[in-house]
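Below: data.csv (CSV, C-alpha atoms)
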```csv
chain,number,residue,atom,x,y,z
A,11,MET,CA,-1.4,37.3,-143.8
A,12,SER,CA,-2.0,40.9,-142.7
A,13,THR,CA,-0.3,42.4,-139.7
A,14,ALA,CA,-2.4,43.0,-136.7
A,15,ARG,CA,-2.6,46.5,-135.2
A,16,ALA,CA,-3.0,45.2,-131.6
A,17,ARG,CA,0.3,44.7,-129.8
A,18,VAL,CA,-0.1,41.6,-127.5
A,19,SER,CA,2.3,40.9,-124.7
A,20,SER,CA,2.0,37.6,-122.8
A,21,ALA,CA,2.9,35.5,-119.9
A,22,VAL,CA,2.6,31.8,-119.0
A,23,MET,CA,1.2,31.2,-115.6
A,24,THR,CA,3.0,28.3,-113.8
A,25,HIS,CA,4.2,26.6,-110.7
A,26,PRO,CA,7.8,25.5,-110.2
A,27,VAL,CA,6.8,21.8,-110.5
A,28,ARG,CA,5.7,22.5,-114.0
A,29,ARG,CA,8.3,25.0,-115.1
A,30,VAL,CA,9.8,22.7,-117.8
A,31,GLN,CA,6.4,22.3,-119.6
A,32,ALA,CA,5.7,26.0,-119.2
A,33,GLN,CA,9.0,26.9,-120.8
A,34,GLU,CA,8.4,24.6,-123.7
A,35,LEU,CA,5.0,26.2,-124.3
A,36,CYS,CA,6.5,29.6,-124.0
A,37,ASP,CA,9.3,28.8,-126.5
A,38,ARG,CA,7.1,27.2,-129.0
A,39,LEU,CA,4.5,30.0,-129.1
A,40,GLY,CA,7.0,32.8,-128.7
A,41,LEU,CA,5.4,34.1,-125.5
A,42,GLY,CA,6.8,36.8,-123.3
A,43,GLY,CA,8.0,34.7,-120.4
A,44,LEU,CA,7.0,32.8,-117.3
A,45,ALA,CA,4.9,34.1,-114.4
A,46,VAL,CA,5.9,31.7,-111.5
A,47,ASP,CA,3.9,31.3,-108.3
A,48,PRO,CA,5.7,33.6,-105.8
A,49,GLU,CA,4.7,31.3,-102.9
A,50,PRO,CA,5.0,27.8,-104.3
A,51,ASP,CA,4.9,26.2,-100.8
A,52,GLY,CA,1.9,28.2,-99.7
A,53,PRO,CA,-1.8,27.3,-99.9
A,54,PRO,CA,-2.8,26.6,-103.5
A,55,SER,CA,-3.9,29.8,-105.2
A,56,ALA,CA,-4.4,30.3,-108.9
A,57,LEU,CA,-5.1,34.0,-108.3
A,58,ARG,CA,-1.7,34.6,-106.6
A,59,THR,CA,0.1,33.5,-109.8
A,60,ALA,CA,-2.3,35.1,-112.2
A,61,LEU,CA,-1.6,38.5,-110.5
A,62,VAL,CA,2.1,38.0,-111.5
A,63,ALA,CA,1.1,37.2,-115.1
A,64,TRP,CA,-1.2,40.3,-115.4
A,65,ALA,CA,1.7,42.5,-114.1
A,66,ARG,CA,4.0,41.3,-116.9
A,67,ILE,CA,2.8,43.8,-119.5
A,68,ALA,CA,5.5,44.8,-122.0
A,69,ASP,CA,6.0,48.4,-122.9
A,70,GLY,CA,3.8,49.6,-125.7
A,71,ALA,CA,1.4,46.6,-125.5
A,72,THR,CA,-2.3,47.2,-126.1
A,73,HIS,CA,-3.4,43.8,-124.7
A,74,GLN,CA,-2.1,41.1,-122.3
A,75,LEU,CA,-2.5,37.4,-122.9
A,76,MET,CA,-2.4,35.1,-119.9
A,77,ILE,CA,-2.1,31.4,-120.7
A,78,GLN,CA,-1.8,28.6,-118.2
A,79,ASP,CA,1.0,26.0,-118.5
A,80,ASP,CA,-1.3,23.0,-119.1
A,81,VAL,CA,-2.7,24.3,-122.4
A,82,ALA,CA,-2.0,23.2,-125.9
A,83,ALA,CA,-2.3,25.8,-128.6
A,84,PRO,CA,-1.5,26.2,-132.3
A,85,ASP,CA,1.7,27.7,-133.5
A,86,ASP,CA,-0.1,30.8,-134.9
A,87,PHE,CA,-2.0,31.4,-131.7
A,88,VAL,CA,-0.4,34.8,-130.8
A,89,ASP,CA,-1.1,36.1,-134.3
A,90,LEU,CA,-4.7,34.9,-134.1
A,91,VAL,CA,-5.1,36.6,-130.7
A,92,ALA,CA,-3.8,39.9,-132.0
A,93,HIS,CA,-6.2,39.9,-135.0
A,94,CYS,CA,-9.1,39.1,-132.7
A,95,ALA,CA,-8.0,41.9,-130.4
A,96,ASP,CA,-8.2,44.2,-133.5
A,97,ARG,CA,-11.8,43.1,-133.9
A,98,PHE,CA,-12.8,43.4,-130.2
A,99,PRO,CA,-10.4,45.9,-128.7
A,100,ALA,CA,-12.3,46.6,-125.5
A,101,ASP,CA,-13.5,43.0,-124.7
A,102,ALA,CA,-12.1,40.2,-122.5
A,103,LEU,CA,-11.5,37.3,-124.9
A,104,ALA,CA,-11.4,33.8,-123.7
A,105,TYR,CA,-10.0,31.2,-126.0
A,106,TYR,CA,-10.8,28.1,-124.0
A,107,THR,CA,-14.2,27.0,-122.6
A,108,ASN,CA,-14.7,23.8,-120.6
A,109,TRP,CA,-17.1,21.3,-122.2
A,110,HIS,CA,-19.4,21.2,-119.3
A,111,ALA,CA,-21.8,23.6,-117.4
A,112,ARG,CA,-23.4,26.8,-118.6
A,113,ASN,CA,-20.6,28.5,-120.5
A,114,GLY,CA,-19.8,25.2,-122.3
A,115,ALA,CA,-23.5,24.9,-123.3
A,116,ALA,CA,-23.5,28.5,-124.5
A,117,ALA,CA,-20.5,27.9,-126.7
A,118,ARG,CA,-21.9,24.6,-128.0
A,119,LEU,CA,-25.3,26.2,-128.8
A,120,ALA,CA,-23.4,29.0,-130.6
A,121,ALA,CA,-21.4,26.5,-132.6
A,122,LEU,CA,-24.6,24.8,-133.8
A,123,ALA,CA,-26.1,28.2,-134.6
A,124,GLY,CA,-23.0,29.1,-136.7
A,125,ALA,CA,-21.7,31.9,-134.5
A,126,GLY,CA,-18.0,32.7,-134.0
A,127,TRP,CA,-18.3,34.1,-130.5
A,128,VAL,CA,-20.7,34.0,-127.6
A,129,ARG,CA,-21.0,36.2,-124.5
A,130,ALA,CA,-20.2,34.3,-121.3
A,131,VAL,CA,-22.7,33.6,-118.6
A,132,PRO,CA,-22.0,36.3,-115.9
A,133,GLU,CA,-22.9,34.2,-112.9
A,134,GLU,CA,-20.5,31.4,-113.8
A,135,PHE,CA,-16.7,31.4,-113.5
A,136,THR,CA,-14.9,33.0,-116.4
A,137,PRO,CA,-12.6,30.5,-118.2
A,138,THR,CA,-9.0,31.8,-117.7
A,139,LEU,CA,-6.9,29.1,-119.2
A,140,ALA,CA,-6.1,31.3,-122.2
A,141,ILE,CA,-7.6,34.8,-121.9
A,142,VAL,CA,-6.7,38.3,-123.2
A,143,LEU,CA,-7.5,41.6,-121.6
A,144,PRO,CA,-6.9,45.2,-122.8
A,145,VAL,CA,-4.0,46.5,-120.8
A,146,ALA,CA,-6.1,49.1,-118.9
A,147,THR,CA,-8.6,46.3,-118.0
A,148,ALA,CA,-5.7,44.0,-116.9
A,149,ASP,CA,-4.4,46.8,-114.6
A,150,ALA,CA,-7.9,47.4,-113.2
A,151,PHE,CA,-8.4,43.6,-112.6
A,152,ARG,CA,-5.1,43.4,-110.8
A,153,ARG,CA,-6.0,46.2,-108.5
A,154,HIS,CA,-9.5,44.7,-107.9
A,155,ALA,CA,-8.2,41.1,-107.3
A,156,THR,CA,-5.4,42.1,-105.0
A,157,ALA,CA,-8.0,43.2,-102.4
A,158,THR,CA,-10.2,40.2,-102.6
A,159,GLY,CA,-8.3,37.6,-100.6
A,160,GLU,CA,-9.7,34.9,-102.9
A,161,ARG,CA,-7.7,32.1,-104.6
A,162,HIS,CA,-9.6,31.2,-107.7
A,163,ASP,CA,-8.8,33.7,-110.5
A,164,ASP,CA,-11.6,32.5,-112.7
A,165,GLU,CA,-14.2,33.3,-110.1
A,166,VAL,CA,-12.7,36.7,-109.3
A,167,MET,CA,-12.5,37.5,-113.0
A,168,ALA,CA,-16.2,36.7,-113.4
A,169,GLY,CA,-17.2,39.0,-110.6
A,170,PHE,CA,-14.9,41.8,-111.9
A,171,LEU,CA,-16.3,41.7,-115.4
A,172,ALA,CA,-19.9,41.5,-114.2
A,173,GLY,CA,-19.2,44.6,-112.1
A,174,ARG,CA,-18.2,46.3,-115.3
A,175,GLY,CA,-21.4,45.2,-117.0
A,176,ARG,CA,-19.7,43.1,-119.7
A,177,SER,CA,-18.7,39.5,-119.3
A,178,ALA,CA,-16.1,37.9,-121.5
A,179,LEU,CA,-16.5,36.8,-125.1
A,180,LEU,CA,-16.0,33.1,-125.5
A,181,ALA,CA,-14.3,31.8,-128.7
A,182,VAL,CA,-16.7,29.3,-130.1
A,183,PRO,CA,-14.2,27.2,-132.1
A,184,THR,CA,-11.8,26.2,-129.4
A,185,VAL,CA,-8.2,26.2,-130.8
A,186,THR,CA,-6.7,25.6,-127.3
A,187,GLU,CA,-7.0,22.4,-125.3
A,188,HIS,CA,-6.5,21.4,-121.7
A,189,THR,CA,-3.7,18.9,-121.7
A,190,GLY,CA,-4.9,17.0,-118.6
A,191,THR,CA,-2.1,17.8,-116.2
A,192,SER,CA,-3.3,17.3,-112.7
A,193,SER,CA,-4.8,20.4,-111.1
A,194,ILE,CA,-2.6,22.1,-108.4
A,195,ASN,CA,-5.8,23.6,-107.1
A,196,GLY,CA,-7.5,20.2,-106.9
A,197,HIS,CA,-10.2,20.9,-109.6
A,198,GLY,CA,-9.6,17.5,-111.2
A,199,ALA,CA,-10.9,15.6,-108.2
A,200,VAL,CA,-14.2,17.5,-108.2
A,201,GLN,CA,-14.8,18.3,-111.8
A,202,GLY,CA,-13.3,15.2,-113.5
A,203,ILE,CA,-11.9,15.3,-117.0
A,204,ARG,CA,-12.1,18.9,-118.4
A,205,LEU,CA,-11.6,19.3,-122.1
A,206,ALA,CA,-12.5,21.9,-124.8
A,207,VAL,CA,-16.2,22.3,-125.7
A,208,CYS,CA,-15.6,22.6,-129.5
A,209,PRO,CA,-12.1,21.5,-130.4
A,210,THR,CA,-11.2,23.0,-133.8
A,211,GLY,CA,-8.0,23.4,-135.9
A,212,SER,CA,-6.7,26.9,-136.4
A,213,GLU,CA,-7.4,26.9,-140.1
A,214,ASP,CA,-11.1,26.3,-139.6
A,215,ALA,CA,-11.3,28.6,-136.6
A,216,ARG,CA,-9.7,31.7,-138.0
A,217,PRO,CA,-12.4,32.7,-140.4
A,218,LEU,CA,-15.1,32.3,-137.8
A,219,LEU,CA,-13.2,34.2,-135.1
A,220,LEU,CA,-12.3,37.1,-137.4
A,221,ASN,CA,-15.6,37.3,-139.2
A,222,GLY,CA,-18.3,35.2,-137.5
A,223,TRP,CA,-21.3,36.7,-135.8
A,224,VAL,CA,-21.5,37.2,-132.1
A,225,LEU,CA,-24.3,35.6,-130.0
A,226,GLU,CA,-25.1,37.8,-127.1
A,227,LEU,CA,-26.5,36.1,-124.1
A,228,GLU,CA,-29.5,38.3,-123.8
A,229,GLN,CA,-30.5,37.2,-127.3
A,230,LEU,CA,-31.3,33.8,-125.9
A,231,ASP,CA,-34.7,33.2,-124.3
A,232,TRP,CA,-33.1,30.4,-122.2
A,233,LEU,CA,-30.1,28.1,-122.3
A,234,PRO,CA,-30.2,24.3,-121.9
A,235,TYR,CA,-27.2,22.7,-120.2
A,236,MET,CA,-26.3,19.4,-118.6
A,237,ARG,CA,-24.5,18.5,-115.4
A,238,TYR,CA,-24.2,15.3,-113.4
A,239,GLY,CA,-26.2,13.3,-116.0
A,240,GLU,CA,-29.3,15.6,-115.9
A,241,GLY,CA,-30.7,18.3,-118.1
A,242,TYR,CA,-31.1,21.9,-116.7
A,243,VAL,CA,-32.1,25.3,-118.1
A,244,ARG,CA,-30.6,28.7,-117.4
A,245,LEU,CA,-33.4,31.2,-117.3
A,246,PRO,CA,-33.2,34.7,-118.8
A,247,GLY,CA,-32.0,37.2,-116.3
A,248,GLN,CA,-31.1,34.5,-113.8
A,249,GLU,CA,-27.9,36.4,-112.8
A,250,THR,CA,-30.1,39.0,-111.1
A,251,GLU,CA,-32.0,36.5,-108.9
A,252,VAL,CA,-31.4,35.8,-105.2
A,253,ALA,CA,-29.7,32.5,-106.1
A,254,PRO,CA,-28.2,33.1,-109.6
A,255,ARG,CA,-26.3,29.8,-109.6
A,256,HIS,CA,-29.4,27.7,-108.7
A,257,HIS,CA,-29.9,24.8,-111.1
A,258,PHE,CA,-33.4,24.5,-112.5
A,259,THR,CA,-34.1,21.1,-114.1
A,260,TRP,CA,-35.6,21.4,-117.5
A,261,ARG,CA,-39.0,20.3,-116.2
A,262,GLU,CA,-38.9,23.0,-113.5
A,263,ALA,CA,-37.8,25.7,-115.9
A,264,LEU,CA,-39.9,25.1,-118.9
A,265,PRO,CA,-43.0,26.9,-117.5
A,266,ARG,CA,-40.9,30.0,-117.3
A,267,THR,CA,-39.8,29.8,-121.0
A,268,ASP,CA,-41.4,30.5,-124.3
A,269,LEU,CA,-41.9,26.8,-125.0
A,270,GLY,CA,-45.6,26.1,-124.9
A,271,GLU,CA,-47.3,23.0,-123.6
A,272,HIS,CA,-47.7,21.5,-127.1
A,273,ALA,CA,-44.0,21.9,-127.9
A,274,VAL,CA,-43.0,20.4,-124.5
A,275,ALA,CA,-45.2,17.4,-125.2
A,276,THR,CA,-43.7,17.1,-128.7
A,277,ALA,CA,-40.2,17.3,-127.2
A,278,LEU,CA,-41.0,14.6,-124.7
A,279,SER,CA,-42.6,12.4,-127.4
A,280,THR,CA,-39.3,12.3,-129.3
A,281,LEU,CA,-38.3,9.8,-126.6
A,282,ASP,CA,-40.9,7.4,-127.9
A,283,ASP,CA,-40.7,8.4,-131.5
A,284,ARG,CA,-37.0,7.7,-132.1
A,285,ASP,CA,-36.3,5.6,-135.2
A,286,ARG,CA,-34.8,2.1,-135.0
A,287,GLU,CA,-31.2,3.2,-135.2
A,288,ASP,CA,-31.6,5.8,-132.4
A,289,ARG,CA,-33.5,3.3,-130.3
A,290,ARG,CA,-30.5,1.0,-130.7
A,291,ARG,CA,-28.2,3.8,-129.7
A,292,ALA,CA,-30.4,4.7,-126.7
A,293,GLY,CA,-30.3,1.1,-125.6
A,294,GLU,CA,-26.5,0.9,-125.8
A,295,ILE,CA,-26.1,4.2,-123.9
A,296,ALA,CA,-28.5,3.1,-121.3
A,297,GLU,CA,-26.5,-0.1,-120.7
A,298,LEU,CA,-23.3,1.9,-120.4
A,299,PHE,CA,-24.5,4.9,-118.4
A,300,GLY,CA,-28.1,4.3,-117.3
A,301,GLU,CA,-31.5,4.8,-118.9
A,302,SER,CA,-32.1,8.1,-117.2
A,303,TYR,CA,-28.9,9.5,-118.6
A,304,ALA,CA,-29.8,8.3,-122.1
A,305,ASP,CA,-33.2,10.1,-121.9
A,306,GLU,CA,-31.8,13.2,-120.3
A,307,LEU,CA,-29.1,13.5,-123.0
A,308,TRP,CA,-31.8,13.1,-125.7
A,309,ILE,CA,-34.1,15.8,-124.3
A,310,HIS,CA,-31.1,18.2,-123.6
A,311,CYS,CA,-29.9,17.9,-127.2
A,312,ALA,CA,-33.4,18.4,-128.6
A,313,LEU,CA,-33.7,21.6,-126.6
A,314,LEU,CA,-30.2,22.6,-127.6
A,315,GLY,CA,-31.0,22.1,-131.3
A,316,ARG,CA,-34.3,24.0,-130.9
A,317,GLN,CA,-32.6,27.0,-129.3
A,318,ALA,CA,-29.7,27.0,-131.7
A,319,ARG,CA,-32.0,27.0,-134.7
A,320,LEU,CA,-34.1,29.9,-133.3
A,321,ALA,CA,-30.9,31.9,-132.4
A,322,ALA,CA,-29.7,31.6,-136.0
A,323,ARG,CA,-33.0,32.5,-137.4
A,324,ARG,CA,-33.3,35.6,-135.3
A,325,HIS,CA,-29.8,36.9,-135.2
A,326,ALA,CA,-28.2,35.7,-138.4
A,327,PRO,CA,-31.0,36.2,-140.9
A,328,GLY,CA,-30.2,35.3,-144.4
A,329,ALA,CA,-27.3,33.0,-143.4
A,330,PRO,CA,-27.7,29.3,-144.3
A,331,TYR,CA,-28.7,27.0,-141.5
A,332,PRO,CA,-26.9,24.8,-140.8
A,333,ALA,CA,-23.9,26.8,-142.0
A,334,GLU,CA,-22.6,25.4,-145.2
A,335,GLY,CA,-19.2,23.9,-146.1
A,336,PRO,CA,-16.9,21.3,-144.7
A,337,GLU,CA,-15.5,23.7,-142.0
A,338,ALA,CA,-19.0,24.3,-140.7
A,339,ALA,CA,-19.7,20.6,-140.7
A,340,ARG,CA,-16.6,19.8,-138.8
A,341,LEU,CA,-17.5,22.5,-136.2
A,342,ARG,CA,-21.0,21.1,-135.7
A,343,ARG,CA,-19.5,17.6,-135.3
A,344,ALA,CA,-17.0,18.9,-132.8
A,345,ALA,CA,-19.8,20.5,-130.8
A,346,VAL,CA,-22.0,17.4,-130.6
A,347,SER,CA,-19.0,15.1,-129.9
A,348,THR,CA,-18.3,16.6,-126.5
A,349,VAL,CA,-21.9,16.9,-125.2
A,350,GLY,CA,-22.2,13.3,-124.1
A,351,PRO,CA,-19.0,12.9,-122.1
A,352,ALA,CA,-19.4,16.4,-120.6
A,353,GLY,CA,-23.0,15.6,-119.4
A,354,LEU,CA,-21.9,12.6,-117.4
A,355,PRO,CA,-21.1,12.9,-113.7
A,356,PRO,CA,-17.5,13.9,-113.3
A,357,GLU,CA,-16.5,10.6,-111.8
A,358,ARG,CA,-17.8,8.7,-114.9
A,359,ARG,CA,-16.4,10.9,-117.7
A,360,HIS,CA,-13.3,8.7,-118.1
A,361,GLU,CA,-15.7,5.8,-119.0
A,362,ALA,CA,-16.7,7.6,-122.2
A,363,GLY,CA,-13.5,6.7,-124.0
A,364,ARG,CA,-12.8,6.6,-127.7
A,365,GLY,CA,-14.9,3.5,-128.2
A,366,HIS,CA,-18.1,5.4,-127.1
A,367,THR,CA,-17.4,8.8,-128.6
A,368,GLY,CA,-19.0,8.1,-132.0
A,369,LEU,CA,-22.0,6.4,-130.4
A,370,LEU,CA,-22.7,9.4,-128.1
A,371,ALA,CA,-22.0,11.9,-130.9
A,372,ASP,CA,-24.4,10.2,-133.4
A,373,TYR,CA,-27.1,10.0,-130.7
A,374,ALA,CA,-26.7,13.6,-129.8
A,375,SER,CA,-26.7,14.7,-133.4
A,376,ALA,CA,-30.0,12.9,-134.1
A,377,ALA,CA,-31.5,14.6,-131.0
A,378,VAL,CA,-30.3,18.0,-132.1
A,379,SER,CA,-31.9,17.5,-135.5
A,380,ARG,CA,-35.2,16.7,-133.8
A,381,GLY,CA,-34.9,19.9,-131.8
A,382,GLU,CA,-34.2,21.9,-135.0
A,383,ALA,CA,-37.4,20.5,-136.4
A,384,LEU,CA,-39.2,21.7,-133.3
A,385,ALA,CA,-38.0,25.2,-134.0
A,386,ASP,CA,-39.2,25.0,-137.6
A,387,SER,CA,-42.6,24.0,-136.4
A,388,ALA,CA,-42.8,26.6,-133.6
A,389,PRO,CA,-45.7,29.1,-133.8
A,390,PRO,CA,-44.8,32.7,-134.5
A,391,THR,CA,-45.3,33.7,-130.8
A,392,ALA,CA,-42.4,31.5,-129.8
A,393,ASP,CA,-40.1,33.3,-132.3
A,394,ARG,CA,-40.4,36.7,-130.8
A,395,ARG,CA,-37.5,39.0,-130.6
```

Here is the file; what I need is its structure written in the form of structure tokens.
Amino acid sequence: MSTARARVSSAVMTHPVRRVQAQELCDRLGLGGLAVDPEPDGPPSALRTALVAWARIADGATHQLMIQDDVAAPDDFVDLVAHCADRFPADALAYYTNWHARNGAAARLAALAGAGWVRAVPEEFTPTLAIVLPVATADAFRRHATATGERHDDEVMAGFLAGRGRSALLAVPTVTEHTGTSSINGHGAVQGIRLAVCPTGSEDARPLLLNGWVLELEQLDWLPYMRYGEGYVRLPGQETEVAPRHHFTWREALPRTDLGEHAVATALSTLDDRDREDRRRAGEIAELFGESYADELWIHCALLGRQARLAARRHAPGAPYPAEGPEAARLRRAAVSTVGPAGLPPERRHEAGRGHTGLLADYASAAVSRGEALADSAPPTADRR
């Protein structure tokens, strides 16, 4: 294994009540030390502790890694981070993306398209469970964030990066995982179970992260995503609108996309044109989570497959689609395995246990394939650059 040129220093962001697990993570990965909440009895504030972590930059470092204490990561994580920093020396690199919402959908679409990285959605929070910044950027963020008076470091990070005109790069294969420790900031009660969008072993992830192509957000005409059991679409340039975080249902948004009326009708007809096995799966899912959810999941995944296929065709010309090999197959399976649970309302995600994972993944995979077929039959005007 070659030696990386980047020199990465690091800190584990923690609270005194989780010091033991933070120290175990620090020792196992060979990290630089703990950044402990300086006001543990004060109002909950992730940013307060993050500022300590971003200040713990070792002499001679080129990049700073900040990792939270409730993250699992492979033993070679720091080495992997350093080699990625060699490849993208000026970017913020996020190694964990939640399986839900817009950034999760962007990473999932990128995985299906065969990309190694995807640019984060600028109007959504930046995932900061495991994130790397160049030291100059880390210093600038600390100065910026100190003056905000906010408490959510992921929201402040998104605003900071957007102000610099370049949101973070999200690692598509997710080598880190959220371990499920209860949130000190109370996110668990609102957002439910939060896990990685595309869980992948380090051995499979490394080639993609070091050599895979990058899907830039502006290369997507539009991005389908799910939340609270319904399908939505992020429109191009939405971050510049008056209400950038507004959620457009896919029915509302499609007239503003490149998907013509015939293709919309074709996408909708897939609901009635499912084969016997997919009808059986749809019935089981409807019994478990409701008919509306089963239909919304199918349409969402069909749109996801359609957009992933077109992204690969446009931006990775000549590459096989789907990407070939067992590693690529495992990545695709990981991507579709999380879409069903993530698309449920937060209070119901715990119901999608191991007994339902395969059912949801097989159903989602079939819908993605239908969407890919939609892309292959799209007229040339829908494949514009």

Counting all atoms listed in the file, give me one row per residue of region 96-199 of chain A with an atom at most 10 Å from an atom of region 250-271 of chain A, showing the shortest contact pair and its distance in Å to one decimal, sorted by chain then residue number, as JSON lines.
```
{"residue": "A:Arg112", "atom": "CA", "partner": "A:Arg255", "partner_atom": "CA", "distance": 9.9}
{"residue": "A:Pro132", "atom": "CA", "partner": "A:Pro254", "partner_atom": "CA", "distance": 9.4}
{"residue": "A:Glu133", "atom": "CA", "partner": "A:Pro254", "partner_atom": "CA", "distance": 6.3}
{"residue": "A:Glu134", "atom": "CA", "partner": "A:Arg255", "partner_atom": "CA", "distance": 7.3}
```

Name the residues in contact with region 298-304 of chain A at a cut-off of 8 Å, using only C-alpha atoms, excluding same-chain residues fewer than 4 positions from it; report them as a PDB file with C-alpha atoms, in the coordinates of the input.
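Ended up saving to result-v2.pdb:
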```pdb
ATOM      1  CA  GLY A 239     -26.200  13.300-116.000  1.00  0.00           C
ATOM      2  CA  GLU A 240     -29.300  15.600-115.900  1.00  0.00           C
ATOM      3  CA  ALA A 292     -30.400   4.700-126.700  1.00  0.00           C
ATOM      4  CA  GLY A 293     -30.300   1.100-125.600  1.00  0.00           C
ATOM      5  CA  GLU A 294     -26.500   0.900-125.800  1.00  0.00           C
ATOM      6  CA  TRP A 308     -31.800  13.100-125.700  1.00  0.00           C
ATOM      7  CA  LEU A 354     -21.900  12.600-117.400  1.00  0.00           C
TER       8      LEU A 354
END
```

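Note that CA of Ala377 (chain A) and CA of Leu307 (chain A) are 8.4 Å apart.
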
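Nearest to Ala215 (chain A) of all the residues A:Pro183, A:Gly124, A:Pro26, A:Pro144 is A:Pro183, counting all atoms listed in the file.
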
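Nearest residue to Pro54 (chain A), choosing from A:Cys36, A:Thr72, A:Ala345, A:Asp163 and counting only C-alpha atoms: A:Asp163.
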
Out of A:Ala374, A:Leu218, A:Leu384, A:Leu233, which residue has the shortest atom-to-atom distance to Gln248 (chain A) when counting all atoms listed in the file? A:Leu233

Pairwise distance, CA of Arg17 (chain A) with CA of Tyr106 (chain A), equals 20.8 Å

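Residues lying within 7 Å of (4.5, 34.3, -131.7). Counted over all atoms listed in the file, they are Leu39, Gly40, Leu41, Asp86, Val88 and Asp89 of chain A.
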
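The residue that comes closest to Gly335 (chain A), out of A:Glu226, A:Asp386, A:Ala117, A:Asp214 and on the basis of only C-alpha atoms, is A:Asp214.
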
For each of A:Arg129, A:Arg161, A:Arg380, A:Arg28, take the minimum atom-to-atom distance to Gln78 (chain A), counting only C-alpha atoms, then give the residue where this is smallest. A:Arg28

List every residue of region 203-293 of chain A that has an atom at most 10 Å from any atom of region 313-323 of chain A, and for each one report the closest atom pair and its distance in Å to one decimal, counting all atoms listed in the file, with rows sorted by chain and then by increasing residue number, as JSON lines.
```
{"residue": "A:Trp223", "atom": "CA", "partner": "A:Ala322", "partner_atom": "CA", "distance": 9.8}
{"residue": "A:Leu225", "atom": "CA", "partner": "A:Ala321", "partner_atom": "CA", "distance": 7.9}
{"residue": "A:Glu226", "atom": "CA", "partner": "A:Ala321", "partner_atom": "CA", "distance": 9.8}
{"residue": "A:Gln229", "atom": "CA", "partner": "A:Ala321", "partner_atom": "CA", "distance": 7.4}
{"residue": "A:Leu230", "atom": "CA", "partner": "A:Ala321", "partner_atom": "CA", "distance": 6.8}
{"residue": "A:Asp231", "atom": "CA", "partner": "A:Gln317", "partner_atom": "CA", "distance": 8.2}
{"residue": "A:Trp232", "atom": "CA", "partner": "A:Gln317", "partner_atom": "CA", "distance": 7.9}
{"residue": "A:Leu233", "atom": "CA", "partner": "A:Gln317", "partner_atom": "CA", "distance": 7.5}
{"residue": "A:Pro234", "atom": "CA", "partner": "A:Leu314", "partner_atom": "CA", "distance": 5.9}
{"residue": "A:Tyr235", "atom": "CA", "partner": "A:Leu314", "partner_atom": "CA", "distance": 8.0}
{"residue": "A:Gly241", "atom": "CA", "partner": "A:Leu313", "partner_atom": "CA", "distance": 9.6}
{"residue": "A:Val243", "atom": "CA", "partner": "A:Leu313", "partner_atom": "CA", "distance": 9.4}
{"residue": "A:Trp260", "atom": "CA", "partner": "A:Leu313", "partner_atom": "CA", "distance": 9.3}
{"residue": "A:Leu269", "atom": "CA", "partner": "A:Leu313", "partner_atom": "CA", "distance": 9.8}
{"residue": "A:Val274", "atom": "CA", "partner": "A:Leu313", "partner_atom": "CA", "distance": 9.6}
{"residue": "A:Ala277", "atom": "CA", "partner": "A:Leu313", "partner_atom": "CA", "distance": 7.8}
```

Which polymer residues, whether protein, DNA or RNA, lie within 8 Å of the coordinate (-16.6, 20.2, -122.0) when you count only C-alpha atoms? List them as number ranges by chain, using the chain letters and numbers from the file. A: 107-111, 114, 204-208, 348-349, 351-352

Output file for the residues above (C-alpha atoms, as a compact mmCIF listing (two decimals), in the coordinates of the input):
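again-v6.txt, freshly written:
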```
# COMPACT_ATOMS: atom_id res chain seq x y z
CA THR A 107 -14.20 27.00 -122.60
CA ASN A 108 -14.70 23.80 -120.60
CA TRP A 109 -17.10 21.30 -122.20
CA HIS A 110 -19.40 21.20 -119.30
CA ALA A 111 -21.80 23.60 -117.40
CA GLY A 114 -19.80 25.20 -122.30
CA ARG A 204 -12.10 18.90 -118.40
CA LEU A 205 -11.60 19.30 -122.10
CA ALA A 206 -12.50 21.90 -124.80
CA VAL A 207 -16.20 22.30 -125.70
CA CYS A 208 -15.60 22.60 -129.50
CA THR A 348 -18.30 16.60 -126.50
CA VAL A 349 -21.90 16.90 -125.20
CA PRO A 351 -19.00 12.90 -122.10
CA ALA A 352 -19.40 16.40 -120.60
```
